[in-house]
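Undergrad: Please read through the structure below; I'll follow up with questions.
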Amino acid sequence: VTIIVQKFGGTSVGTVERIRNVVKRVIEEKIQGNDVVVVVSAMGKTTDDLVTKAKQLSDNPSKREMDMLLSTGEQVTISLLTMALQQSGYEAISFTGWQAGIYTEEIPGNARITKVKKESIKAAFESGKIVVVAGFQGISPSGTITTLGRGGSDTTAVALAASLEAERCDIYTDVTGVYTSDPRVVDGARKLSSISYDEMLELANLGAGVLHPRAVEFAKNYQVPLIVRSSMSTEEGTRIEEVITVEQNLIVRGIAFEGEITRMTVVGLESQLTSLSSIFTTLADNQVNVDIIIQSQTDENKTNLSFSVKTEDLNSTVRVLVANQSYLGFERLEYESKLAKVSIVGSGMISNPGVAANMFRVLAEDEIQVKMVSTSEIKVSAVIDQEKMEQAANVLHKAFRLNLEVLPVSQS
Ligand code: ADP
Ligand code: ASP
Ligand code: MG
């Protein structure tokens, strides 16, 4: 029997009516003779609302209790969807993360899945049941409920698909597929019929919220065919796969952006062989993720070191550095918040050295100042003022002609 994994995000299960719509989508797969696993998110904005409540009661809520709290959202959806399936005459059973065999690291709030034990799901299949699984949660070695990071239900779905060797993992969401950029922000954003795992991974890592980056990582590592499509329409979605056919001649495939970035500068750092490694080891040991790094030598003995972090990590970054100031050997810290990162992504860039130059020219023409830069074989990122983020995404989208339909390359 073929196994299909379907995942429905928050908007897609946001109301009782929408849950009835999901029932239809699940039954369509079941009546074709497939075994079906359905992974769901919390209803609508539930997770955001829970976060708000926690912040009203505590300045710095404990991570364990946050996981306990946030994991409840998905549990509401699994039980309601399962009841609705049963009401329609189908046998179904709901599983929390741990009941579905999702094991994670001991890291609260952002745990990675380490192992999937598929026995309980297999047993439910044996008795003909549709299995409904709570996304975004698992269980740690100490038996604590963990969550996988915001947007992590995608990762639950792909990890189950990989483990069960599913034929496909369908991600049902509130847009019709993966677009050249966020269609809610960028005018003329166009749906891609397919995109490679690597390009999708870059877009997801650089802020395109449509897929959780770890979901794409799993899909690539286990070669899970992944489709992003709308739960509200039957329109064909976007395939994420190894080889892409039609549009591979495009240099830039998509534009991603993310706000709430801060640039930290460590001023007057003593230039010793070990200075950099000490700083970044100290930050890493304290779970601070650093993104773009720039070092500039000011004189023989001193350097200034700038790096970007998520603004939500600003307080912990400052705390960690100040606590270790004499050991690390620097004069003072400076920082600038309200920054954003805008990135152009495309595997065709490897062989096109002019792409970055083009990007900077376009930004300069729009008087958008670039404060930090980072490049890889398939992306260029620029840190700019947050208030210019949407403008930058729009002008770059147009400049790289992403709004235009690309015709298939002729074979002759
Ligand atoms: P779900 O709740 O279904 O997981 P998300 O809100 O996590 O949905 O992801 C879908 C959203 O991702 C869309 O509504 C869209 O605004 C945003 N998005 C950002 N970048 C892209 C992109 N390149 N293509 C499609 N959607 C994108
Ligand atoms: N409910 C979680 C969130 O809002 C997980 C998810 O939807 O994927 O982040
Ligand atoms: Mg999501």
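By order of appearance in the structure tokens: chains A, B, ..., then residues from 1 within every chain, and ligands from 1 in the order shown.
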Could you pull out the alpha helix (DSSP H) residues of segment 15-242 of chain A, going by DSSP on the backbone, and write them as a PyMOL selection string?
TA: chain A and resi 16-30+46-57+63-87+119-126+153-163+197-205+213-221
Undergrad: Quick one: pick out all strand (DSSP E) residues within segment 51-157 of chain A from a backbone DSSP run and write them as a ChimeraX atom specification.
TA: /A:92-95,102-104,113-116,130-134,137-139,145-147
Undergrad: Of the candidates A:Ser347, A:Thr173, A:Gln137, A:Ser196, which shows the shortest atom-to-atom distance to ligand 1, using only C-alpha atoms and all ligand atoms?
TA: A:Thr173
Undergrad: Go through A:Lys398, A:Ser308, A:Met372, A:Arg20 and flag the residue nearest Gln87 of chain A, using only C-alpha atoms for the distances.
TA: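 Going through A:Lys398, A:Ser308, A:Met372, A:Arg20 one by one, the smallest distance to Gln87 of chain A is for A:Arg20.
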Undergrad: Sorted by chain and rising residue number, which residues of chain A lie within 6 Å of ligand 2, and what are their closest atom pairs and distances in Å to one decimal, counting only C-alpha atoms and all ligand atoms, as a tab-separated table?
TA:
residue	atom	partner	partner_atom_place_in_ligand_line	distance
A:Gly9	CA	ligand 2	7 (O)	5.6
A:Gly10	CA	ligand 2	7 (O)	5.6
A:Ser41	CA	ligand 2	7 (O)	4.5
A:Ala42	CA	ligand 2	1 (N)	4.7
A:Thr47	CA	ligand 2	4 (O)	4.9
A:Phe136	CA	ligand 2	5 (C)	5.0
A:Arg150	CA	ligand 2	9 (O)	3.4
A:Gly151	CA	ligand 2	8 (O)	3.2
A:Gly152	CA	ligand 2	8 (O)	4.3
A:Ser153	CA	ligand 2	8 (O)	3.7
A:Asp154	CA	ligand 2	8 (O)	5.8
Undergrad: Next, the residues of the selection above should be written as an mmCIF file, in the first residue's frame with all heavy atoms.
TA:
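Below you can see again-v1.cif, which holds the result:
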data_model
loop_
_atom_site.group_PDB
_atom_site.id
_atom_site.type_symbol
_atom_site.label_atom_id
_atom_site.label_comp_id
_atom_site.auth_asym_id
_atom_site.auth_seq_id
_atom_site.Cartn_x
_atom_site.Cartn_y
_atom_site.Cartn_z
ATOM 1 N N GLY A 9 -1.424 23.530 7.501
ATOM 2 C CA GLY A 9 -0.939 24.595 8.382
ATOM 3 C C GLY A 9 -2.069 25.311 9.101
ATOM 4 O O GLY A 9 -3.256 24.993 8.915
ATOM 5 N N GLY A 10 -1.708 26.302 9.914
ATOM 6 C CA GLY A 10 -2.642 26.976 10.810
ATOM 7 C C GLY A 10 -3.882 27.546 10.136
ATOM 8 O O GLY A 10 -5.010 27.332 10.604
ATOM 9 N N SER A 41 -1.101 21.667 12.196
ATOM 10 C CA SER A 41 -0.638 22.761 13.056
ATOM 11 C C SER A 41 -1.749 23.154 14.017
ATOM 12 O O SER A 41 -2.878 22.689 13.891
ATOM 13 C CB SER A 41 -0.299 23.988 12.200
ATOM 14 O OG SER A 41 0.823 23.762 11.408
ATOM 15 N N ALA A 42 -1.413 24.083 14.904
ATOM 16 C CA ALA A 42 -2.419 24.681 15.783
ATOM 17 C C ALA A 42 -3.377 25.525 14.939
ATOM 18 O O ALA A 42 -3.007 26.026 13.885
ATOM 19 C CB ALA A 42 -1.725 25.543 16.822
ATOM 20 N N THR A 47 -0.843 29.667 18.248
ATOM 21 C CA THR A 47 0.511 29.664 18.812
ATOM 22 C C THR A 47 0.933 31.084 19.200
ATOM 23 O O THR A 47 1.462 31.303 20.300
ATOM 24 C CB THR A 47 1.513 29.041 17.821
ATOM 25 O OG1 THR A 47 0.955 27.810 17.343
ATOM 26 C CG2 THR A 47 2.846 28.756 18.487
ATOM 27 N N PHE A 136 5.074 19.790 15.041
ATOM 28 C CA PHE A 136 5.824 20.795 15.800
ATOM 29 C C PHE A 136 6.252 20.306 17.176
ATOM 30 O O PHE A 136 6.786 21.057 17.964
ATOM 31 C CB PHE A 136 4.924 22.042 15.887
ATOM 32 C CG PHE A 136 5.344 23.209 16.734
ATOM 33 C CD1 PHE A 136 6.535 23.883 16.501
ATOM 34 C CD2 PHE A 136 4.495 23.683 17.746
ATOM 35 C CE1 PHE A 136 6.874 25.006 17.267
ATOM 36 C CE2 PHE A 136 4.834 24.802 18.507
ATOM 37 C CZ PHE A 136 6.020 25.461 18.265
ATOM 38 N N ARG A 150 9.443 27.627 15.473
ATOM 39 C CA ARG A 150 8.248 28.119 14.774
ATOM 40 C C ARG A 150 8.215 27.617 13.341
ATOM 41 O O ARG A 150 9.229 27.620 12.655
ATOM 42 C CB ARG A 150 8.188 29.653 14.810
ATOM 43 C CG ARG A 150 8.048 30.256 16.215
ATOM 44 C CD ARG A 150 6.826 29.772 16.966
ATOM 45 N NE ARG A 150 5.572 29.947 16.275
ATOM 46 C CZ ARG A 150 4.770 31.013 16.401
ATOM 47 N NH1 ARG A 150 5.112 32.003 17.199
ATOM 48 N NH2 ARG A 150 3.634 31.097 15.739
ATOM 49 N N GLY A 151 7.038 27.167 12.937
ATOM 50 C CA GLY A 151 6.882 26.607 11.594
ATOM 51 C C GLY A 151 7.263 25.140 11.498
ATOM 52 O O GLY A 151 7.274 24.554 10.412
ATOM 53 N N GLY A 152 7.563 24.522 12.648
ATOM 54 C CA GLY A 152 8.143 23.179 12.661
ATOM 55 C C GLY A 152 7.219 22.027 12.289
ATOM 56 O O GLY A 152 7.681 20.892 12.136
ATOM 57 N N SER A 153 5.919 22.287 12.108
ATOM 58 C CA SER A 153 5.037 21.185 11.700
ATOM 59 C C SER A 153 5.437 20.617 10.341
ATOM 60 O O SER A 153 5.243 19.424 10.078
ATOM 61 C CB SER A 153 3.581 21.657 11.627
ATOM 62 O OG SER A 153 3.123 22.003 12.905
ATOM 63 N N ASP A 154 5.984 21.474 9.487
ATOM 64 C CA ASP A 154 6.470 20.984 8.185
ATOM 65 C C ASP A 154 7.502 19.880 8.404
ATOM 66 O O ASP A 154 7.526 18.874 7.684
ATOM 67 C CB ASP A 154 7.168 22.114 7.403
ATOM 68 C CG ASP A 154 6.254 23.280 7.090
ATOM 69 O OD1 ASP A 154 5.033 23.065 6.975
ATOM 70 O OD2 ASP A 154 6.772 24.409 6.960
#
Undergrad: Name each residue within 10 Å of ligand 1, counting only C-alpha atoms and all ligand atoms, as JSON, numbers by chain.
TA: {"A": [7, 8, 9, 10, 11, 12, 13, 14, 40, 41, 42, 43, 44, 45, 150, 151, 152, 153, 154, 171, 172, 173, 174, 175, 176, 177, 178, 179, 180, 181, 182, 183, 184, 185, 186, 189, 190, 191, 192, 200, 203, 204, 206, 207, 208, 209, 210, 211, 212, 228, 229, 230, 231, 238, 253, 254, 255, 256, 257, 258]}
Undergrad: My list of candidates is A:Val38, A:Ala215, A:Leu70, A:Leu305. Which is closest to ligand 3 when distances are computed with only C-alpha atoms and all ligand atoms?
TA: A:Ala215
Undergrad: Calculate how many Å separate atom CA of Leu201 of chain A from atom CA of Pro353 of chain A, rounding to one decimal.
TA: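 These atoms are spaced 21.7 Å apart.
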Undergrad: Which residues come within 12 Å of Lys30 of chain A, counting only C-alpha atoms, excluding same-chain residues fewer than 4 positions away, as a PDB file with all heavy atoms, in the first residue's frame?
TA:
ATOM      1  N   VAL A   1       0.853  -1.208   0.000  1.00  0.00           N
ATOM      2  CA  VAL A   1       0.000   0.000   0.000  1.00  0.00           C
ATOM      3  C   VAL A   1       0.881   1.247   0.000  1.00  0.00           C
ATOM      4  O   VAL A   1       1.892   1.312   0.693  1.00  0.00           O
ATOM      5  CB  VAL A   1      -0.888   0.033   1.279  1.00  0.00           C
ATOM      6  CG1 VAL A   1      -1.875   1.177   1.214  1.00  0.00           C
ATOM      7  CG2 VAL A   1      -1.595  -1.294   1.461  1.00  0.00           C
ATOM      8  N   THR A   2       0.450   2.218  -0.781  1.00  0.00           N
ATOM      9  CA  THR A   2       1.184   3.482  -0.843  1.00  0.00           C
ATOM     10  C   THR A   2       0.854   4.337   0.373  1.00  0.00           C
ATOM     11  O   THR A   2      -0.283   4.407   0.813  1.00  0.00           O
ATOM     12  CB  THR A   2       0.756   4.247  -2.116  1.00  0.00           C
ATOM     13  OG1 THR A   2       0.964   3.385  -3.222  1.00  0.00           O
ATOM     14  CG2 THR A   2       1.545   5.517  -2.279  1.00  0.00           C
ATOM     15  N   ILE A   3       1.895   4.991   0.897  1.00  0.00           N
ATOM     16  CA  ILE A   3       1.683   5.885   2.044  1.00  0.00           C
ATOM     17  C   ILE A   3       1.802   7.332   1.584  1.00  0.00           C
ATOM     18  O   ILE A   3       2.742   7.692   0.865  1.00  0.00           O
ATOM     19  CB  ILE A   3       2.718   5.598   3.153  1.00  0.00           C
ATOM     20  CG1 ILE A   3       2.542   4.158   3.666  1.00  0.00           C
ATOM     21  CG2 ILE A   3       2.591   6.606   4.297  1.00  0.00           C
ATOM     22  CD1 ILE A   3       3.632   3.702   4.611  1.00  0.00           C
ATOM     23  N   ILE A   4       0.858   8.153   1.987  1.00  0.00           N
ATOM     24  CA  ILE A   4       0.879   9.587   1.670  1.00  0.00           C
ATOM     25  C   ILE A   4       0.875  10.355   2.990  1.00  0.00           C
ATOM     26  O   ILE A   4       0.105  10.040   3.896  1.00  0.00           O
ATOM     27  CB  ILE A   4      -0.382  10.015   0.870  1.00  0.00           C
ATOM     28  CG1 ILE A   4      -0.548   9.195  -0.414  1.00  0.00           C
ATOM     29  CG2 ILE A   4      -0.365  11.512   0.584  1.00  0.00           C
ATOM     30  CD1 ILE A   4       0.443   9.506  -1.499  1.00  0.00           C
ATOM     31  N   VAL A   5       1.761  11.363   3.090  1.00  0.00           N
ATOM     32  CA  VAL A   5       1.722  12.256   4.253  1.00  0.00           C
ATOM     33  C   VAL A   5       1.176  13.604   3.788  1.00  0.00           C
ATOM     34  O   VAL A   5       1.656  14.162   2.796  1.00  0.00           O
ATOM     35  CB  VAL A   5       3.115  12.429   4.893  1.00  0.00           C
ATOM     36  CG1 VAL A   5       3.056  13.441   6.044  1.00  0.00           C
ATOM     37  CG2 VAL A   5       3.649  11.095   5.388  1.00  0.00           C
ATOM     38  N   GLN A   6       0.160  14.092   4.494  1.00  0.00           N
ATOM     39  CA  GLN A   6      -0.397  15.411   4.194  1.00  0.00           C
ATOM     40  C   GLN A   6      -0.182  16.304   5.412  1.00  0.00           C
ATOM     41  O   GLN A   6      -0.347  15.856   6.535  1.00  0.00           O
ATOM     42  CB  GLN A   6      -1.922  15.320   3.970  1.00  0.00           C
ATOM     43  CG  GLN A   6      -2.340  14.412   2.837  1.00  0.00           C
ATOM     44  CD  GLN A   6      -3.873  14.361   2.728  1.00  0.00           C
ATOM     45  OE1 GLN A   6      -4.551  13.953   3.652  1.00  0.00           O
ATOM     46  NE2 GLN A   6      -4.393  14.793   1.599  1.00  0.00           N
ATOM     47  N   VAL A  23     -11.028  17.427   6.013  1.00  0.00           N
ATOM     48  CA  VAL A  23     -11.578  16.069   5.987  1.00  0.00           C
ATOM     49  C   VAL A  23     -11.732  15.593   4.535  1.00  0.00           C
ATOM     50  O   VAL A  23     -11.339  14.480   4.180  1.00  0.00           O
ATOM     51  CB  VAL A  23     -12.949  16.015   6.731  1.00  0.00           C
ATOM     52  CG1 VAL A  23     -13.672  14.703   6.452  1.00  0.00           C
ATOM     53  CG2 VAL A  23     -12.731  16.208   8.224  1.00  0.00           C
ATOM     54  N   LYS A  24     -12.262  16.476   3.685  1.00  0.00           N
ATOM     55  CA  LYS A  24     -12.450  16.114   2.269  1.00  0.00           C
ATOM     56  C   LYS A  24     -11.125  15.761   1.607  1.00  0.00           C
ATOM     57  O   LYS A  24     -11.017  14.788   0.869  1.00  0.00           O
ATOM     58  CB  LYS A  24     -13.065  17.296   1.502  1.00  0.00           C
ATOM     59  CG  LYS A  24     -14.535  17.474   1.748  1.00  0.00           C
ATOM     60  CD  LYS A  24     -15.126  18.369   0.657  1.00  0.00           C
ATOM     61  CE  LYS A  24     -16.306  19.141   1.208  1.00  0.00           C
ATOM     62  NZ  LYS A  24     -16.262  20.576   0.929  1.00  0.00           N
ATOM     63  N   ARG A  25     -10.107  16.592   1.888  1.00  0.00           N
ATOM     64  CA  ARG A  25      -8.796  16.377   1.268  1.00  0.00           C
ATOM     65  C   ARG A  25      -8.180  15.058   1.721  1.00  0.00           C
ATOM     66  O   ARG A  25      -7.497  14.364   0.970  1.00  0.00           O
ATOM     67  CB  ARG A  25      -7.843  17.530   1.648  1.00  0.00           C
ATOM     68  CG  ARG A  25      -8.265  18.875   1.055  1.00  0.00           C
ATOM     69  CD  ARG A  25      -7.941  18.861  -0.147  1.00  0.00           C
ATOM     70  NE  ARG A  25      -8.023  19.240  -1.432  1.00  0.00           N
ATOM     71  CZ  ARG A  25      -7.517  20.279  -2.062  1.00  0.00           C
ATOM     72  NH1 ARG A  25      -6.903  21.201  -1.455  1.00  0.00           N
ATOM     73  NH2 ARG A  25      -7.619  20.413  -3.329  1.00  0.00           N
ATOM     74  N   VAL A  26      -8.404  14.712   2.978  1.00  0.00           N
ATOM     75  CA  VAL A  26      -7.851  13.469   3.523  1.00  0.00           C
ATOM     76  C   VAL A  26      -8.576  12.272   2.896  1.00  0.00           C
ATOM     77  O   VAL A  26      -7.947  11.304   2.452  1.00  0.00           O
ATOM     78  CB  VAL A  26      -7.982  13.446   5.061  1.00  0.00           C
ATOM     79  CG1 VAL A  26      -7.517  12.112   5.618  1.00  0.00           C
ATOM     80  CG2 VAL A  26      -7.190  14.597   5.686  1.00  0.00           C
ATOM     81  N   ASN A  34      -4.825   4.555  -0.368  1.00  0.00           N
ATOM     82  CA  ASN A  34      -3.562   4.885   0.311  1.00  0.00           C
ATOM     83  C   ASN A  34      -3.693   4.783   1.826  1.00  0.00           C
ATOM     84  O   ASN A  34      -4.784   4.948   2.370  1.00  0.00           O
ATOM     85  CB  ASN A  34      -3.157   6.324  -0.014  1.00  0.00           C
ATOM     86  CG  ASN A  34      -2.937   6.538  -1.495  1.00  0.00           C
ATOM     87  OD1 ASN A  34      -2.271   5.734  -2.138  1.00  0.00           O
ATOM     88  ND2 ASN A  34      -3.498   7.604  -2.032  1.00  0.00           N
ATOM     89  N   ASP A  35      -2.581   4.508   2.491  1.00  0.00           N
ATOM     90  CA  ASP A  35      -2.509   4.756   3.927  1.00  0.00           C
ATOM     91  C   ASP A  35      -2.148   6.231   4.097  1.00  0.00           C
ATOM     92  O   ASP A  35      -1.234   6.725   3.432  1.00  0.00           O
ATOM     93  CB  ASP A  35      -1.427   3.878   4.579  1.00  0.00           C
ATOM     94  CG  ASP A  35      -1.968   2.491   4.910  1.00  0.00           C
ATOM     95  OD1 ASP A  35      -3.203   2.344   5.022  1.00  0.00           O
ATOM     96  OD2 ASP A  35      -1.158   1.559   5.046  1.00  0.00           O
ATOM     97  N   VAL A  36      -2.856   6.912   4.995  1.00  0.00           N
ATOM     98  CA  VAL A  36      -2.675   8.369   5.086  1.00  0.00           C
ATOM     99  C   VAL A  36      -2.276   8.794   6.503  1.00  0.00           C
ATOM    100  O   VAL A  36      -2.899   8.386   7.479  1.00  0.00           O
ATOM    101  CB  VAL A  36      -3.978   9.117   4.694  1.00  0.00           C
ATOM    102  CG1 VAL A  36      -3.738  10.625   4.687  1.00  0.00           C
ATOM    103  CG2 VAL A  36      -4.482   8.653   3.341  1.00  0.00           C
ATOM    104  N   VAL A  37      -1.202   9.605   6.569  1.00  0.00           N
ATOM    105  CA  VAL A  37      -0.854  10.300   7.811  1.00  0.00           C
ATOM    106  C   VAL A  37      -1.142  11.775   7.591  1.00  0.00           C
ATOM    107  O   VAL A  37      -0.729  12.340   6.584  1.00  0.00           O
ATOM    108  CB  VAL A  37       0.647  10.147   8.160  1.00  0.00           C
ATOM    109  CG1 VAL A  37       0.980  10.946   9.417  1.00  0.00           C
ATOM    110  CG2 VAL A  37       1.016   8.699   8.344  1.00  0.00           C
ATOM    111  N   VAL A  38      -1.867  12.379   8.514  1.00  0.00           N
ATOM    112  CA  VAL A  38      -2.162  13.805   8.407  1.00  0.00           C
ATOM    113  C   VAL A  38      -1.469  14.514   9.564  1.00  0.00           C
ATOM    114  O   VAL A  38      -1.705  14.190  10.725  1.00  0.00           O
ATOM    115  CB  VAL A  38      -3.680  14.082   8.521  1.00  0.00           C
ATOM    116  CG1 VAL A  38      -3.977  15.507   8.095  1.00  0.00           C
ATOM    117  CG2 VAL A  38      -4.474  13.085   7.706  1.00  0.00           C
ATOM    118  N   LEU A  85     -13.256  13.236  11.056  1.00  0.00           N
ATOM    119  CA  LEU A  85     -13.062  12.102  10.142  1.00  0.00           C
ATOM    120  C   LEU A  85     -13.972  10.942  10.542  1.00  0.00           C
ATOM    121  O   LEU A  85     -14.608  10.301   9.694  1.00  0.00           O
ATOM    122  CB  LEU A  85     -11.589  11.654  10.149  1.00  0.00           C
ATOM    123  CG  LEU A  85     -10.610  12.555   9.392  1.00  0.00           C
ATOM    124  CD1 LEU A  85      -9.168  12.255   9.793  1.00  0.00           C
ATOM    125  CD2 LEU A  85     -10.787  12.373   7.872  1.00  0.00           C
ATOM    126  N   GLY A  89     -17.436   8.780   8.791  1.00  0.00           N
ATOM    127  CA  GLY A  89     -17.480   7.338   8.578  1.00  0.00           C
ATOM    128  C   GLY A  89     -16.122   6.689   8.361  1.00  0.00           C
ATOM    129  O   GLY A  89     -16.038   5.549   7.904  1.00  0.00           O
ATOM    130  N   TYR A  90     -15.044   7.401   8.676  1.00  0.00           N
ATOM    131  CA  TYR A  90     -13.704   6.836   8.506  1.00  0.00           C
ATOM    132  C   TYR A  90     -13.073   6.540   9.859  1.00  0.00           C
ATOM    133  O   TYR A  90     -13.251   7.293  10.807  1.00  0.00           O
ATOM    134  CB  TYR A  90     -12.813   7.794   7.705  1.00  0.00           C
ATOM    135  CG  TYR A  90     -13.225   7.800   6.253  1.00  0.00           C
ATOM    136  CD1 TYR A  90     -14.300   8.568   5.833  1.00  0.00           C
ATOM    137  CD2 TYR A  90     -12.577   6.990   5.335  1.00  0.00           C
ATOM    138  CE1 TYR A  90     -14.727   8.540   4.521  1.00  0.00           C
ATOM    139  CE2 TYR A  90     -12.996   6.953   4.017  1.00  0.00           C
ATOM    140  CZ  TYR A  90     -14.064   7.726   3.609  1.00  0.00           C
ATOM    141  OH  TYR A  90     -14.485   7.683   2.311  1.00  0.00           O
ATOM    142  N   GLU A  91     -12.336   5.449   9.911  1.00  0.00           N
ATOM    143  CA  GLU A  91     -11.624   5.142  11.148  1.00  0.00           C
ATOM    144  C   GLU A  91     -10.365   5.994  11.211  1.00  0.00           C
ATOM    145  O   GLU A  91      -9.589   6.045  10.251  1.00  0.00           O
ATOM    146  CB  GLU A  91     -11.258   3.661  11.183  1.00  0.00           C
ATOM    147  CG  GLU A  91     -12.492   2.799  11.392  1.00  0.00           C
ATOM    148  CD  GLU A  91     -12.136   1.542  12.145  1.00  0.00           C
ATOM    149  OE1 GLU A  91     -11.588   1.657  13.263  1.00  0.00           O
ATOM    150  OE2 GLU A  91     -12.372   0.456  11.594  1.00  0.00           O
ATOM    151  N   ALA A  92     -10.176   6.644  12.324  1.00  0.00           N
ATOM    152  CA  ALA A  92      -9.016   7.528  12.461  1.00  0.00           C
ATOM    153  C   ALA A  92      -8.586   7.543  13.913  1.00  0.00           C
ATOM    154  O   ALA A  92      -9.369   7.242  14.809  1.00  0.00           O
ATOM    155  CB  ALA A  92      -9.381   8.936  12.004  1.00  0.00           C
ATOM    156  N   PHE A 125      -2.163   1.734  10.887  1.00  0.00           N
ATOM    157  CA  PHE A 125      -2.404   1.393   9.478  1.00  0.00           C
ATOM    158  C   PHE A 125      -2.958  -0.023   9.346  1.00  0.00           C
ATOM    159  O   PHE A 125      -3.875  -0.282   8.577  1.00  0.00           O
ATOM    160  CB  PHE A 125      -1.106   1.481   8.662  1.00  0.00           C
ATOM    161  CG  PHE A 125      -0.668   2.881   8.297  1.00  0.00           C
ATOM    162  CD1 PHE A 125       0.638   3.114   7.858  1.00  0.00           C
ATOM    163  CD2 PHE A 125      -1.550   3.960   8.365  1.00  0.00           C
ATOM    164  CE1 PHE A 125       1.062   4.385   7.497  1.00  0.00           C
ATOM    165  CE2 PHE A 125      -1.133   5.241   8.007  1.00  0.00           C
ATOM    166  CZ  PHE A 125       0.173   5.455   7.575  1.00  0.00           C
ATOM    167  N   GLY A 128      -6.412  -0.259   9.556  1.00  0.00           N
ATOM    168  CA  GLY A 128      -7.156   0.523   8.560  1.00  0.00           C
ATOM    169  C   GLY A 128      -7.411   1.974   8.918  1.00  0.00           C
ATOM    170  O   GLY A 128      -8.213   2.659   8.286  1.00  0.00           O
ATOM    171  N   LYS A 129      -6.684   2.468   9.944  1.00  0.00           N
ATOM    172  CA  LYS A 129      -6.992   3.823  10.401  1.00  0.00           C
ATOM    173  C   LYS A 129      -6.200   4.904   9.654  1.00  0.00           C
ATOM    174  O   LYS A 129      -5.056   4.685   9.261  1.00  0.00           O
ATOM    175  CB  LYS A 129      -6.684   3.953  11.898  1.00  0.00           C
ATOM    176  CG  LYS A 129      -7.601   3.133  12.782  1.00  0.00           C
ATOM    177  CD  LYS A 129      -7.373   3.506  14.253  1.00  0.00           C
ATOM    178  CE  LYS A 129      -8.356   2.826  15.170  1.00  0.00           C
ATOM    179  NZ  LYS A 129      -7.996   1.425  15.459  1.00  0.00           N
ATOM    180  N   ILE A 130      -6.827   6.051   9.539  1.00  0.00           N
ATOM    181  CA  ILE A 130      -6.127   7.272   9.151  1.00  0.00           C
ATOM    182  C   ILE A 130      -5.444   7.778  10.418  1.00  0.00           C
ATOM    183  O   ILE A 130      -6.048   7.777  11.492  1.00  0.00           O
ATOM    184  CB  ILE A 130      -7.117   8.340   8.640  1.00  0.00           C
ATOM    185  CG1 ILE A 130      -7.802   7.851   7.362  1.00  0.00           C
ATOM    186  CG2 ILE A 130      -6.426   9.680   8.427  1.00  0.00           C
ATOM    187  CD1 ILE A 130      -9.044   8.646   6.974  1.00  0.00           C
ATOM    188  N   VAL A 131      -4.173   8.181  10.312  1.00  0.00           N
ATOM    189  CA  VAL A 131      -3.438   8.632  11.497  1.00  0.00           C
ATOM    190  C   VAL A 131      -3.279  10.151  11.464  1.00  0.00           C
ATOM    191  O   VAL A 131      -2.785  10.709  10.482  1.00  0.00           O
ATOM    192  CB  VAL A 131      -2.045   7.957  11.554  1.00  0.00           C
ATOM    193  CG1 VAL A 131      -1.265   8.467  12.759  1.00  0.00           C
ATOM    194  CG2 VAL A 131      -2.192   6.452  11.616  1.00  0.00           C
TER     195      VAL A 131
END
Undergrad: Let me make sure I understand: among A:Val39, A:Val76, A:Ile31, A:Val383, which one has the smallest atom-to-atom distance to ligand 3 if we use only C-alpha atoms and all ligand atoms?
TA: A:Val39
Undergrad: Extract, using only C-alpha atoms, all DNA, RNA and protein residues at most 10 Å from segment 275-286 of chain A, discarding same-chain residues fewer than 4 positions from it, and format them as number ranges by chain.
TA: A: 266, 269-271, 290, 295, 303, 305, 316-318, 320-321, 324-325, 327-330
Undergrad: Please, what distance in Å, to one decimal, runs between atom CA of Thr156 of chain A and atom CA of Gly346 of chain A?
TA: 26.8 Å
Undergrad: For a test of reading the model, state the distance in Å between atom CA of Thr72 of chain A and atom CA of Glu312 of chain A, rounded to one decimal.
TA: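 Pair atom CA of Thr72 of chain A / atom CA of Glu312 of chain A returns 23.6 Å.
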Undergrad: Could you name the residues that touch Ala162 of chain A at 9 Å or less, counting only C-alpha atoms, but leaving out those on the same chain fewer than 2 positions away, as an MDAnalysis selection string?
TA: chainID A and resid 157:160 164:166 169 218:219 222:224
Undergrad: Check the smallest atom-to-atom distance from each of A:Val243, A:Ala54, A:Ala323, A:Leu148 to ligand 3 using only C-alpha atoms and all ligand atoms, then report the winner.
TA: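 Checking each candidate against ligand 3, we get A:Leu148 as the closest.
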Undergrad: Of the candidates A:Gln56, A:Gly348, A:Gly135, A:Phe307, which shows the shortest atom-to-atom distance to ligand 3, using only C-alpha atoms and all ligand atoms?
TA: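 Ranked by minimum distance to ligand 3, first place goes to A:Gly135.
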Undergrad: Excluding same-chain residues fewer than 5 positions from Glu106 of chain A, what lies within 7 Å of it counting only C-alpha atoms, as an NGL selection string?
TA: :A and (111 or 140-141)
Undergrad: Write out, as an mmCIF file, in the first residue's frame, the residues just selected, with N, CA, C and O atoms.
TA:
data_model
loop_
_atom_site.group_PDB
_atom_site.id
_atom_site.type_symbol
_atom_site.label_atom_id
_atom_site.label_comp_id
_atom_site.auth_asym_id
_atom_site.auth_seq_id
_atom_site.Cartn_x
_atom_site.Cartn_y
_atom_site.Cartn_z
ATOM 1 N N ALA A 111 14.124 22.090 19.085
ATOM 2 C CA ALA A 111 14.755 20.767 19.090
ATOM 3 C C ALA A 111 14.781 20.144 17.693
ATOM 4 O O ALA A 111 13.869 20.343 16.898
ATOM 5 N N SER A 140 11.898 14.470 24.348
ATOM 6 C CA SER A 140 13.349 14.457 24.511
ATOM 7 C C SER A 140 13.773 13.211 25.290
ATOM 8 O O SER A 140 12.936 12.521 25.860
ATOM 9 N N PRO A 141 15.086 12.924 25.335
ATOM 10 C CA PRO A 141 15.550 11.747 26.076
ATOM 11 C C PRO A 141 15.101 11.740 27.539
ATOM 12 O O PRO A 141 14.867 10.681 28.111
#
Undergrad: If we count only C-alpha atoms and set the cut-off at 7 Å, which residues sit around Thr82 of chain A, ignoring sequence neighbours fewer than 2 positions away in its own chain? Please answer as JSON, numbers by chain.
TA: {"A": [78, 79, 80, 84, 85, 86, 92, 93, 94, 132]}
